[in-house]
>>> print(open('data29.tsv').read())   # TSV, C-alpha atoms and all ligand atoms
chain	number	residue	atom	x	y	z
Z	1	MET	CA	121.03	107.56	73.69
Z	2	ASP	CA	122.45	104.67	75.72
Z	3	GLN	CA	120.93	101.40	74.40
Z	4	LYS	CA	120.16	100.10	77.89
Z	5	PHE	CA	116.98	98.32	76.79
Z	6	SER	CA	118.30	96.79	73.60
Z	7	ASN	CA	116.15	93.78	72.56
Z	8	LYS	CA	113.92	94.05	75.63
Z	9	VAL	CA	110.23	93.53	74.90
Z	10	ALA	CA	108.25	96.12	76.84
Z	11	ILE	CA	104.46	96.36	77.08
Z	12	ILE	CA	103.25	99.83	77.95
Z	13	ALA	CA	99.53	99.90	78.73
Z	14	GLY	CA	98.06	103.35	78.22
Z	15	GLY	CA	101.11	104.08	76.07
Z	16	ALA	CA	99.31	105.98	73.31
Z	17	GLY	CA	99.23	109.23	75.30
Z	18	GLY	CA	100.46	111.16	78.31
Z	19	ILE	CA	102.97	109.59	80.68
Z	20	GLY	CA	102.76	106.16	79.03
Z	21	LYS	CA	103.69	107.61	75.66
Z	22	GLY	CA	106.64	109.45	77.20
Z	23	VAL	CA	107.90	106.25	78.82
Z	24	ALA	CA	107.36	104.26	75.60
Z	25	LEU	CA	109.29	106.89	73.63
Z	26	ARG	CA	112.25	106.83	75.96
Z	27	LEU	CA	112.30	103.03	76.12
Z	28	GLY	CA	112.20	102.89	72.32
Z	29	GLN	CA	115.00	105.43	72.04
Z	30	GLU	CA	117.04	103.24	74.39
Z	31	GLY	CA	116.57	100.18	72.15
Z	32	ALA	CA	113.44	98.42	73.46
Z	33	ILE	CA	110.80	96.78	71.29
Z	34	VAL	CA	107.77	98.77	72.38
Z	35	VAL	CA	104.30	97.22	72.53
Z	36	ILE	CA	101.50	99.63	73.28
Z	37	PHE	CA	98.13	98.53	74.70
Z	38	ASP	CA	95.58	101.32	74.48
Z	39	PHE	CA	91.85	101.64	73.88
Z	40	ASN	CA	91.99	104.92	71.98
Z	41	GLN	CA	92.35	103.89	68.32
Z	42	SER	CA	93.11	107.32	66.85
Z	43	LEU	CA	95.65	108.22	69.54
Z	44	LEU	CA	97.27	104.79	69.10
Z	45	ASP	CA	97.53	105.18	65.30
Z	46	GLN	CA	98.96	108.68	65.67
Z	47	THR	CA	101.57	107.54	68.22
Z	48	LEU	CA	102.63	104.56	66.10
Z	49	ILE	CA	103.14	106.83	63.08
Z	50	GLU	CA	105.21	109.22	65.17
Z	51	PHE	CA	107.30	106.37	66.60
Z	52	LYS	CA	107.90	104.96	63.12
Z	53	GLN	CA	109.17	108.35	61.95
Z	54	ARG	CA	111.53	108.33	64.94
Z	55	LYS	CA	112.72	104.81	63.93
Z	56	ILE	CA	111.39	103.21	67.10
Z	57	LYS	CA	110.40	99.54	66.92
Z	58	ALA	CA	106.77	99.64	68.03
Z	59	LYS	CA	103.55	97.69	67.71
Z	60	GLY	CA	100.11	98.58	68.99
Z	61	PHE	CA	97.14	96.57	70.22
Z	62	LEU	CA	93.69	98.02	70.70
Z	63	ILE	CA	92.99	96.86	74.23
Z	64	ASP	CA	90.76	98.02	77.06
Z	65	VAL	CA	92.68	97.10	80.21
Z	66	SER	CA	89.47	96.49	82.14
Z	67	ASP	CA	88.47	93.70	79.72
Z	68	GLU	CA	89.89	90.35	80.80
Z	69	GLY	CA	89.64	88.65	77.40
Z	70	GLN	CA	91.34	91.53	75.60
Z	71	VAL	CA	94.20	91.68	78.13
Z	72	GLN	CA	94.76	87.91	78.15
Z	73	ASN	CA	94.66	87.67	74.39
Z	74	GLY	CA	96.94	90.68	73.89
Z	75	ILE	CA	99.59	89.25	76.20
Z	76	LEU	CA	99.47	85.85	74.48
Z	77	GLN	CA	99.87	87.55	71.11
Z	78	VAL	CA	102.91	89.51	72.30
Z	79	LYS	CA	104.49	86.31	73.60
Z	80	LYS	CA	103.76	84.54	70.32
Z	81	GLU	CA	105.14	87.31	68.16
Z	82	PHE	CA	108.20	88.34	70.17
Z	83	GLY	CA	108.94	85.15	72.14
Z	84	LYS	CA	109.14	86.86	75.54
Z	85	ILE	CA	107.95	89.76	77.67
Z	86	ASP	CA	110.62	91.55	79.73
Z	87	ILE	CA	108.80	94.63	80.98
Z	88	LEU	CA	105.26	95.72	81.79
Z	89	ILE	CA	104.33	99.28	82.63
Z	90	ASN	CA	100.73	100.14	83.34
Z	91	SER	CA	99.99	103.79	82.74
Z	92	ALA	CA	96.35	103.32	81.64
Z	93	GLY	CA	94.12	105.18	84.00
Z	94	ILE	CA	91.21	107.58	84.33
Z	95	VAL	CA	90.47	110.39	86.81
Z	96	GLY	CA	86.68	110.31	86.94
Z	97	PRO	CA	84.73	112.96	88.83
Z	98	THR	CA	86.63	115.71	90.65
Z	99	SER	CA	85.36	118.26	93.19
Z	100	THR	CA	82.59	115.76	94.01
Z	101	LYS	CA	81.74	114.81	97.59
Z	102	ILE	CA	81.18	111.11	98.27
Z	103	THR	CA	77.50	111.80	98.93
Z	104	GLU	CA	77.16	113.08	95.33
Z	105	TYR	CA	79.55	110.54	93.74
Z	106	SER	CA	77.63	108.03	91.62
Z	107	ASN	CA	78.01	104.29	92.16
Z	108	ALA	CA	78.47	103.86	88.41
Z	109	ASP	CA	81.43	106.26	88.44
Z	110	PHE	CA	82.97	104.43	91.39
Z	111	ASP	CA	82.61	101.08	89.60
Z	112	LYS	CA	84.22	102.51	86.46
Z	113	LEU	CA	87.23	103.84	88.39
Z	114	TYR	CA	87.68	100.44	90.03
Z	115	GLN	CA	87.36	98.59	86.70
Z	116	VAL	CA	89.96	100.66	84.84
Z	117	ASN	CA	92.47	101.71	87.51
Z	118	LEU	CA	92.53	98.72	89.84
Z	119	LYS	CA	91.09	95.75	87.98
Z	120	GLY	CA	93.03	96.75	84.86
Z	121	SER	CA	96.25	96.70	86.92
Z	122	PHE	CA	95.29	93.32	88.39
Z	123	LEU	CA	94.54	91.75	85.00
Z	124	LEU	CA	97.72	93.00	83.33
Z	125	THR	CA	99.85	91.92	86.28
Z	126	LYS	CA	98.22	88.49	86.52
Z	127	TYR	CA	98.54	87.55	82.86
Z	128	VAL	CA	102.01	89.04	82.34
Z	129	LEU	CA	103.30	87.18	85.39
Z	130	GLN	CA	101.95	83.92	84.01
Z	131	GLU	CA	104.40	84.42	81.13
Z	132	MET	CA	107.28	85.96	83.10
Z	133	GLU	CA	107.36	83.23	85.72
Z	134	LYS	CA	108.36	80.74	83.02
Z	135	SER	CA	111.67	82.57	82.59
Z	136	GLY	CA	111.87	83.91	86.15
Z	137	ASN	CA	112.87	87.35	84.85
Z	138	GLY	CA	110.92	90.55	84.53
Z	139	ARG	CA	110.20	94.08	85.60
Z	140	LEU	CA	106.74	95.46	86.36
Z	141	LEU	CA	105.83	99.04	87.16
Z	142	LEU	CA	102.28	100.11	87.98
Z	143	ILE	CA	101.49	103.81	87.99
Z	144	SER	CA	99.52	104.72	91.10
Z	145	SER	CA	99.24	108.28	92.41
Z	146	ILE	CA	100.03	110.40	95.45
Z	147	SER	CA	96.25	110.43	95.96
Z	148	GLY	CA	96.48	106.69	96.70
Z	149	LYS	CA	98.85	107.49	99.58
Z	150	GLU	CA	97.27	110.65	100.94
Z	151	GLY	CA	93.77	110.78	99.47
Z	152	ASN	CA	92.49	113.74	97.45
Z	153	PRO	CA	89.16	115.15	98.60
Z	154	GLY	CA	86.46	115.23	95.92
Z	155	MET	CA	87.99	112.23	94.09
Z	156	VAL	CA	86.96	109.19	96.13
Z	157	GLY	CA	86.92	106.74	93.21
Z	158	TYR	CA	90.34	107.82	92.02
Z	159	SER	CA	91.97	107.90	95.47
Z	160	ALA	CA	90.51	104.53	96.48
Z	161	SER	CA	91.45	102.78	93.22
Z	162	LYS	CA	95.00	104.17	93.34
Z	163	ALA	CA	95.39	103.05	96.97
Z	164	GLY	CA	94.34	99.62	95.73
Z	165	VAL	CA	97.15	99.65	93.17
Z	166	ILE	CA	99.64	100.30	96.00
Z	167	GLY	CA	98.34	97.27	97.91
Z	168	LEU	CA	98.54	95.17	94.77
Z	169	VAL	CA	102.19	96.13	94.19
Z	170	LYS	CA	103.22	95.46	97.79
Z	171	GLY	CA	101.47	92.11	98.07
Z	172	VAL	CA	102.37	90.62	94.69
Z	173	ALA	CA	106.00	91.77	94.90
Z	174	LYS	CA	106.49	89.54	97.94
Z	175	GLU	CA	105.06	86.55	96.04
Z	176	TYR	CA	107.90	86.93	93.52
Z	177	ALA	CA	110.66	88.24	95.77
Z	178	GLU	CA	112.78	85.11	95.37
Z	179	THR	CA	112.76	85.32	91.57
Z	180	ASN	CA	114.35	87.94	89.34
Z	181	ILE	CA	110.94	89.51	88.81
Z	182	THR	CA	110.37	92.83	90.54
Z	183	ILE	CA	107.09	94.70	90.91
Z	184	ASN	CA	107.15	98.35	91.87
Z	185	GLY	CA	104.82	101.31	91.74
Z	186	LEU	CA	105.04	105.03	91.16
Z	187	ALA	CA	103.10	107.75	92.98
Z	188	PRO	CA	103.25	110.98	90.97
Z	189	ALA	CA	101.78	114.26	92.13
Z	190	VAL	CA	100.36	116.39	89.32
Z	191	ILE	CA	102.12	115.90	85.99
Z	192	LYS	CA	101.32	118.04	82.96
Z	193	THR	CA	99.43	115.65	80.65
Z	194	PRO	CA	96.11	115.53	78.77
Z	195	MET	CA	94.61	113.76	81.81
Z	196	ASN	CA	94.36	116.96	83.82
Z	197	GLU	CA	93.37	119.24	80.93
Z	198	ASN	CA	89.77	119.06	82.14
Z	199	THR	CA	90.45	119.02	85.87
Z	200	SER	CA	88.75	122.00	87.43
Z	201	ALA	CA	90.98	125.01	88.11
Z	202	GLU	CA	89.99	124.79	91.77
Z	203	GLN	CA	91.07	121.14	92.07
Z	204	LEU	CA	94.35	121.77	90.19
Z	205	ALA	CA	95.21	124.80	92.35
Z	206	TYR	CA	94.58	122.68	95.47
Z	207	MET	CA	96.97	120.02	94.21
Z	208	ILE	CA	99.76	122.41	93.10
Z	209	ALA	CA	99.56	124.30	96.40
Z	210	LYS	CA	100.47	121.05	98.16
Z	211	ILE	CA	103.66	120.61	96.09
Z	212	PRO	CA	106.68	122.32	97.73
Z	213	MET	CA	108.27	122.91	94.28
Z	214	LYS	CA	105.02	124.75	93.35
Z	215	ARG	CA	104.88	123.42	89.81
Z	216	LEU	CA	103.62	120.49	87.78
Z	217	GLY	CA	106.00	117.63	86.96
Z	218	THR	CA	106.82	116.86	83.34
Z	219	ILE	CA	106.34	113.68	81.33
Z	220	GLU	CA	110.11	113.57	80.68
Z	221	GLU	CA	110.82	113.62	84.42
Z	222	VAL	CA	108.46	110.70	84.96
Z	223	ALA	CA	109.89	108.76	82.00
Z	224	ALA	CA	113.42	109.13	83.37
Z	225	LEU	CA	112.46	107.66	86.75
Z	226	CYS	CA	110.36	104.87	85.19
Z	227	CYS	CA	113.28	103.81	82.99
Z	228	PHE	CA	115.52	103.52	86.04
Z	229	VAL	CA	112.92	101.55	88.03
Z	230	ILE	CA	112.50	98.94	85.29
Z	231	SER	CA	116.17	98.67	84.38
Z	232	ASP	CA	118.24	95.55	85.10
Z	233	GLU	CA	120.48	97.55	87.43
Z	234	ASN	CA	117.53	98.22	89.76
Z	235	SER	CA	117.67	94.70	91.18
Z	236	PHE	CA	117.36	95.03	95.00
Z	237	SER	CA	114.11	96.93	95.09
Z	238	THR	CA	110.64	95.41	94.91
Z	239	GLY	CA	107.24	96.20	96.37
Z	240	PHE	CA	108.20	99.87	96.63
Z	241	ILE	CA	106.21	102.92	95.62
Z	242	TYR	CA	108.60	105.41	94.07
Z	243	ASP	CA	107.96	109.08	94.65
Z	244	ILE	CA	107.82	111.79	91.99
Z	245	SER	CA	105.93	114.55	93.72
Z	246	GLY	CA	108.11	117.69	93.85
Z	247	GLY	CA	108.58	117.20	97.57
Z	248	ARG	CA	104.91	116.63	98.47
Z	249	ALA	CA	105.30	113.09	99.79
Z	250	THR	CA	107.04	112.82	103.12
Z	251	TYR	CA	107.00	109.02	103.25
A	301	LIG	N1	98.87	113.30	85.04
A	301	LIG	C1	98.93	113.31	86.37
A	301	LIG	O1	98.94	114.36	87.01
A	301	LIG	C2	98.98	112.02	87.13
A	301	LIG	C3	99.26	112.08	88.48
A	301	LIG	C4	99.31	110.89	89.22
A	301	LIG	C5	99.08	109.70	88.59
A	301	LIG	N2	98.80	109.67	87.26
A	301	LIG	C6	98.54	108.38	86.64
A	301	LIG	O2	99.42	108.17	85.56
A	301	LIG	C7	98.77	107.38	84.57
A	301	LIG	C8	98.86	108.09	83.24
A	301	LIG	O3	98.20	109.33	83.34
A	301	LIG	P1	98.28	110.42	82.18
A	301	LIG	O4	98.26	111.73	82.84
A	301	LIG	O5	99.35	110.08	81.24
A	301	LIG	O6	96.85	110.20	81.52
A	301	LIG	P2	96.38	110.40	79.99
A	301	LIG	O7	94.91	110.50	80.04
A	301	LIG	O8	97.16	111.48	79.35
A	301	LIG	O9	96.83	109.01	79.32
A	301	LIG	C9	96.21	107.82	79.72
A	301	LIG	C10	96.31	106.82	78.59
A	301	LIG	O10	95.65	105.63	79.03
A	301	LIG	C11	94.72	105.25	78.02
A	301	LIG	N3	93.61	104.55	78.68
A	301	LIG	C12	92.69	105.07	79.54
A	301	LIG	N4	91.81	104.12	79.89
A	301	LIG	C13	92.17	102.97	79.25
A	301	LIG	C14	91.66	101.66	79.23
A	301	LIG	N5	90.55	101.32	79.89
A	301	LIG	N6	92.30	100.74	78.49
A	301	LIG	C15	93.40	101.07	77.77
A	301	LIG	N7	93.93	102.30	77.74
A	301	LIG	C16	93.32	103.25	78.48
A	301	LIG	C17	94.30	106.53	77.32
A	301	LIG	O11	93.78	106.29	76.04
A	301	LIG	C18	95.62	107.29	77.30
A	301	LIG	O12	96.41	106.95	76.19
A	301	LIG	C19	97.34	107.16	85.05
A	301	LIG	O13	97.23	105.91	85.69
A	301	LIG	C20	97.15	108.27	86.05
A	301	LIG	O14	96.18	107.95	87.03
A	301	LIG	C21	98.74	110.80	86.51
>>> encode(input="data29.tsv", output="structure tokens")
Amino acid sequence: MDQKFSNKVAIIAGGAGGIGKGVALRLGQEGAIVVIFDFNQSLLDQTLIEFKQRKIKAKGFLIDVSDEGQVQNGILQVKKEFGKIDILINSAGIVGPTSTKITEYSNADFDKLYQVNLKGSFLLTKYVLQEMEKSGNGRLLLISSISGKEGNPGMVGYSASKAGVIGLVKGVAKEYAETNITINGLAPAVIKTPMNENTSAEQLAYMIAKIPMKRLGTIEEVAALCCFVISDENSFSTGFIYDISGGRATY
């Protein structure tokens, strides 16, 4: 594979599984030093073993993205060990309740969705930018969701937290627009990953029916787009939410 990311240090939060793992794999195959932040120890260990067998340079940190101390400390450690951070991708996220009307949706679930999906994105972005602004170079990509643009019924915590990620991307990107640091987002429709293994058949059918291509996206398709978005050649694009929805999004 083309070594487009040779010697780039890339943090992939939520990189032990699903989309994040797919992006980490492709980045590693294209020469990046891959640093995975994930809170699932066994998945992280398994992924690091697999990456080692594939001769990918990778290191893992057991980090819960909703925990400020863990995020701050992890980023400082990466800087200390590798001397720089070129790329951050946040793929860590949870779905929470589905097929649940707001009147039945618990406050505790809503708080949890906010903590992981939105506050986690805020913390990673804040502490990575504190390092990146010293060099004035960097690429950030936060994974939102089509539900943050359109809203999915029965998933108020998810839709609201993902809409928050879109606002975060758009606002912060403008703060850094005059540097060589870009901050973009991605709004996938349904992608075949472990995340939707437990989504109810009813909810999944509703989501697929809304996709003109009438199929789920693949992790490889998402990884390909992510690797373009965070490449050096993507230099006149910031504060944008990239689409990967099989034709569902019309804006
Ligand atoms: N799969 C889809 O259909 C789909 C669609 C739109 C958006 N997304 C978004 O893409 C991202 C990745 O989704 P996925 O399908 O790969 O999910 P997944 O469940 O397969 O993988 C998520 C990864 O994030 C990790 N993670 C979860 N909470 C964490 C936390 N608090 N701290 C650290 N790590 C944590 C998990 O351990 C796992 O490795 C999520 O943000 C999700 O909302 C997914």
>>> residues_near_ligand(input="data29.tsv", ligand="ligand LIG 301 (chain A)", cutoff="7 Å", atoms="only C-alpha atoms and all ligand atoms", output="number ranges by chain")
Z: 13-20, 37-40, 43, 63-66, 91-95, 116-117, 143-146, 187-196
>>> residues_around(input="data29.tsv", residues="Z:Ser135", least_positions_apart="5", cutoff="12 Å", atoms="only C-alpha atoms", output="PDB file with C-alpha atoms, keeping the file's coordinate frame")
ATOM      1  CA  GLY Z  83     108.940  85.150  72.140  1.00  0.00           C
ATOM      2  CA  LYS Z  84     109.140  86.860  75.540  1.00  0.00           C
ATOM      3  CA  ILE Z  85     107.950  89.760  77.670  1.00  0.00           C
ATOM      4  CA  ASP Z  86     110.620  91.550  79.730  1.00  0.00           C
ATOM      5  CA  VAL Z 128     102.010  89.040  82.340  1.00  0.00           C
ATOM      6  CA  LEU Z 129     103.300  87.180  85.390  1.00  0.00           C
ATOM      7  CA  GLN Z 130     101.950  83.920  84.010  1.00  0.00           C
ATOM      8  CA  THR Z 179     112.760  85.320  91.570  1.00  0.00           C
ATOM      9  CA  ASN Z 180     114.350  87.940  89.340  1.00  0.00           C
ATOM     10  CA  ILE Z 181     110.940  89.510  88.810  1.00  0.00           C
TER      11      ILE Z 181
END
>>> closest_residue(input="data29.tsv", among="Z:Gly164, Z:Glu233, Z:Ala223, Z:Ile75", to="Z:Gly151", atoms="all atoms listed in the file")
Z:Gly164
>>> atom_distance(input="data29.tsv", atom1="atom CA of Z:Leu62", atom2="atom CA of Z:Gly171")
29.1 Å
>>> atom_distance(input="data29.tsv", atom1="atom CA of Z:Ala24", atom2="atom CA of Z:Gly217")
17.6 Å
>>> closest_residue(input="data29.tsv", among="Z:Phe51, Z:Tyr105, Z:Phe122, Z:Tyr176", to="Z:Lys162", atoms="all atoms listed in the file")
Z:Phe122
>>> closest_residue(input="data29.tsv", among="Z:Thr250, Z:Thr47, Z:Ser121, Z:Asn7", to="Z:Ser161", atoms="only C-alpha atoms")
Z:Ser121
>>> closest_residue(input="data29.tsv", among="Z:Glu178, Z:Asp45, Z:Glu221, Z:Glu202", to="Z:Ser237", atoms="all atoms listed in the file")
Z:Glu178
>>> closest_residue(input="data29.tsv", among="Z:Cys226, Z:Asn234, Z:Phe110, Z:Ala249", to="Z:Ile211", atoms="all atoms listed in the file")
Z:Ala249
>>> atom_distance(input="data29.tsv", atom1="atom CA of Z:Lys8", atom2="atom CA of Z:Val34")
8.4 Å
>>> axis_aligned_box(input="data29.tsv", around="stretch 83-92 of chain Z", padding_each_side="6 Å", output="lines of an AutoDock Vina configuration file")
center_x = 103.5
center_y = 94.5
center_z = 77.7
size_x = 26.3
size_y = 30.6
size_z = 23.2
>>> closest_residue(input="data29.tsv", among="Z:Lys79, Z:Lys4, Z:Arg26, Z:Lys174", to="Z:Glu220", atoms="only C-alpha atoms")
Z:Arg26
>>> residues_around(input="data29.tsv", residues="Z:Leu168", least_positions_apart="2", cutoff="10 Å", atoms="only C-alpha atoms", output="compact mmCIF listing (two decimals) with C-alpha atoms, in the frame of the given file")
# COMPACT_ATOMS: atom_id res chain seq x y z
CA LEU Z 118 92.53 98.72 89.84
CA SER Z 121 96.25 96.70 86.92
CA PHE Z 122 95.29 93.32 88.39
CA THR Z 125 99.85 91.92 86.28
CA LEU Z 142 102.28 100.11 87.98
CA LYS Z 162 95.00 104.17 93.34
CA ALA Z 163 95.39 103.05 96.97
CA GLY Z 164 94.34 99.62 95.73
CA VAL Z 165 97.15 99.65 93.17
CA ILE Z 166 99.64 100.30 96.00
CA LYS Z 170 103.22 95.46 97.79
CA GLY Z 171 101.47 92.11 98.07
CA VAL Z 172 102.37 90.62 94.69
CA ALA Z 173 106.00 91.77 94.90
CA ILE Z 183 107.09 94.70 90.91
CA ASN Z 184 107.15 98.35 91.87
CA GLY Z 185 104.82 101.31 91.74
CA GLY Z 239 107.24 96.20 96.37
>>> residues_around(input="data29.tsv", residues="Z:Gly31", least_positions_apart="5", cutoff="6 Å", atoms="only C-alpha atoms", output="VMD selection string")
chain Z and resid 3 5 to 6
>>> build_atoms(input="data29.tsv", residues="stretch 17-30 of chain Z", atoms="N, CA and C atoms", output="mmCIF file, keeping the file's coordinate frame")
data_model
loop_
_atom_site.group_PDB
_atom_site.id
_atom_site.type_symbol
_atom_site.label_atom_id
_atom_site.label_comp_id
_atom_site.auth_asym_id
_atom_site.auth_seq_id
_atom_site.Cartn_x
_atom_site.Cartn_y
_atom_site.Cartn_z
ATOM 1 N N GLY Z 17 99.256 107.801 74.936
ATOM 2 C CA GLY Z 17 99.230 109.230 75.300
ATOM 3 C C GLY Z 17 99.841 109.475 76.666
ATOM 4 N N GLY Z 18 100.024 110.744 76.975
ATOM 5 C CA GLY Z 18 100.460 111.160 78.310
ATOM 6 C C GLY Z 18 101.756 110.538 78.781
ATOM 7 N N ILE Z 19 101.762 110.146 80.057
ATOM 8 C CA ILE Z 19 102.970 109.590 80.680
ATOM 9 C C ILE Z 19 103.402 108.306 79.971
ATOM 10 N N GLY Z 20 102.440 107.442 79.675
ATOM 11 C CA GLY Z 20 102.760 106.160 79.030
ATOM 12 C C GLY Z 20 103.488 106.358 77.705
ATOM 13 N N LYS Z 21 103.041 107.326 76.941
ATOM 14 C CA LYS Z 21 103.690 107.610 75.660
ATOM 15 C C LYS Z 21 105.127 108.095 75.885
ATOM 16 N N GLY Z 22 105.296 108.941 76.883
ATOM 17 C CA GLY Z 22 106.640 109.450 77.200
ATOM 18 C C GLY Z 22 107.580 108.331 77.609
ATOM 19 N N VAL Z 23 107.072 107.381 78.379
ATOM 20 C CA VAL Z 23 107.900 106.250 78.820
ATOM 21 C C VAL Z 23 108.198 105.356 77.610
ATOM 22 N N ALA Z 24 107.176 105.109 76.789
ATOM 23 C CA ALA Z 24 107.360 104.260 75.600
ATOM 24 C C ALA Z 24 108.410 104.884 74.668
ATOM 25 N N LEU Z 25 108.341 106.191 74.509
ATOM 26 C CA LEU Z 25 109.290 106.890 73.630
ATOM 27 C C LEU Z 25 110.710 106.712 74.133
ATOM 28 N N ARG Z 26 110.897 106.950 75.415
ATOM 29 C CA ARG Z 26 112.250 106.830 75.960
ATOM 30 C C ARG Z 26 112.767 105.390 75.893
ATOM 31 N N LEU Z 27 111.893 104.439 76.206
ATOM 32 C CA LEU Z 27 112.300 103.030 76.120
ATOM 33 C C LEU Z 27 112.703 102.678 74.687
ATOM 34 N N GLY Z 28 111.906 103.152 73.745
ATOM 35 C CA GLY Z 28 112.200 102.890 72.320
ATOM 36 C C GLY Z 28 113.511 103.530 71.909
ATOM 37 N N GLN Z 29 113.748 104.741 72.381
ATOM 38 C CA GLN Z 29 115.000 105.430 72.040
ATOM 39 C C GLN Z 29 116.202 104.720 72.654
ATOM 40 N N GLU Z 30 115.960 103.979 73.744
ATOM 41 C CA GLU Z 30 117.040 103.240 74.390
ATOM 42 C C GLU Z 30 117.055 101.773 73.932
#
